[in-house]
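The structure appears right after this line, and notes come after that.
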Amino acid sequence: MNTFSVIKVLNNNVLIAADTEGQEVVLIGKGIGFNSKKNDPIAKETVEKLFVLRNENEQENYKKLVNDIDEDTLNAIVSGVEIIKKRSQSMLNESVHVALTDHIVFAITRLLKGMAIRNPFLLETKALYPGEYEIAAEVVDFINQSLDINLPEGEVGFIALHVHSAITDSTLSEINRYSQLVTKLIGVIEEQFRMEIDRESIDYIRLIRHLRYTIERVMNDERLEEPKKIADLLKKEYPSCYNLSWKLVKIMQQTLKKQVYDAEAVYLTMHLQRLSEKIETY
């Protein structure tokens, strides 16, 4: 049984089709539009390899974008999304096509105009989302080679956030909010310790990932068991780190508008203590 029938071919990679209920959808896939004609059936096994845009707003936005993109650029972007799907081994939020296509086209336009592309959260993004960063690096490398351009490393960081958004079904505004919160927390820690943490160090990566997972647990209402004996020991032996951890917890609660359980302060104190010991040995 055929799943879709062609309504209109937009280009080699994109066509408008009707599903079995007569609803209009946009099908995206490398070479899908090549030699396709109106009313042609799209076989079910082919569709499994494609991306389907069902949301009407996303469809309209994508159609507008496609009209202004040359075939080679769109082909490279479609292949880039395929890389994300393959490497992440997950169903992607369909909005990634519009968001990522729009972002990459804008990045290429700025690059060709000689406008500097700076990413202030590059190191934070690399530490927070290492898997997504790796996938994004592959996407940027592929696009650079395909189009003979040189998108800078900053773009890897931006695209990594799009990858994370597509995989986790989170909005970019949420992701940016959490990234900015982590940056704020790091700033408070540095101010307390009166030092700047080396952004390339393993200590920084461990700390930033711990903060990320703490935020995720808070947002998912996951509760860790509080190690009572350890909590009492830390409070007694390392009061400054313990007090700092509670300061950070309060900032999290104010920003996320969610309760942060006591156990998080205990585990955060342990990370801060380890960091403070490293500082003292420098």
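Every chain in the structure tokens takes a letter, A first, then B, and so on in the order presented; its residues are numbered from 1, and the ligands are numbered from 1 following the presented order.
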* Contacts of Val26 in chain A within 9 Å, only C-alpha atoms, excl. fewer than 4 positions in-chain, as an MDAnalysis selection string -> chainID A and resid 14:18 51:54 59 62:63
* To do: Using only C-alpha atoms, determine which residues lie at most 10 Å from Ile208 in chain A, disregarding the query and same-chain residues fewer than 6 positions distant; provide the list as a PyMOL selection string.
  => chain A and resi 124-125+127-128+179+182-183+185-186+199+202+214
With C-alpha atoms retained, export the selected residues as an mmCIF file, in the first residue's frame.
data_model
loop_
_atom_site.group_PDB
_atom_site.id
_atom_site.type_symbol
_atom_site.label_atom_id
_atom_site.label_comp_id
_atom_site.auth_asym_id
_atom_site.auth_seq_id
_atom_site.Cartn_x
_atom_site.Cartn_y
_atom_site.Cartn_z
ATOM 1 C CA GLU A 124 30.453 25.596 27.397
ATOM 2 C CA THR A 125 28.546 23.905 24.564
ATOM 3 C CA ALA A 127 31.586 20.536 27.537
ATOM 4 C CA LEU A 128 27.814 20.368 28.044
ATOM 5 C CA SER A 179 23.442 27.131 29.015
ATOM 6 C CA VAL A 182 25.461 27.138 33.767
ATOM 7 C CA THR A 183 27.620 30.085 32.659
ATOM 8 C CA LEU A 185 26.863 29.413 38.057
ATOM 9 C CA ILE A 186 30.461 29.064 36.838
ATOM 10 C CA ARG A 199 37.999 26.101 30.155
ATOM 11 C CA ILE A 202 39.144 18.155 32.859
ATOM 12 C CA THR A 214 21.735 18.573 37.971
#
* Output as a PyMOL selection string all residues of range 37-134 of chain A that backbone DSSP marks as strand (DSSP E or B). => chain A and resi 41-42+51-53
* Fewer than 2 positions away in the same chain doesn't count, so skip those; otherwise give me all residues within 8 Å of Val163 in chain A, counting only C-alpha atoms, as a list in words. =>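 Residues meeting the cut-off are Ile84, Val96, Glu132, Ile135, Ala136, Ile159, Ala160, Leu161, Ser165, Ala166 and Ile167 of chain A.
Remark: for Asn35 in chain A, the closest of the candidate residues A:Asn57, A:Thr109, A:Asn12, A:Thr3 is A:Asn12 (distances computed over only C-alpha atoms).
Minimum atom-to-atom distance to Asn220 in chain A, evaluated using only C-alpha atoms, belongs to A:Gln259 out of A:Asn150, A:Gln192, A:Gln259, A:Asn39.
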* In range 2-148 of chain A, what's alpha helix (DSSP H) per DSSP? Answer as a VMD selection string? -> chain A and resid 44 to 47 56 to 67 71 to 88 95 to 112 122 to 128 130 to 147
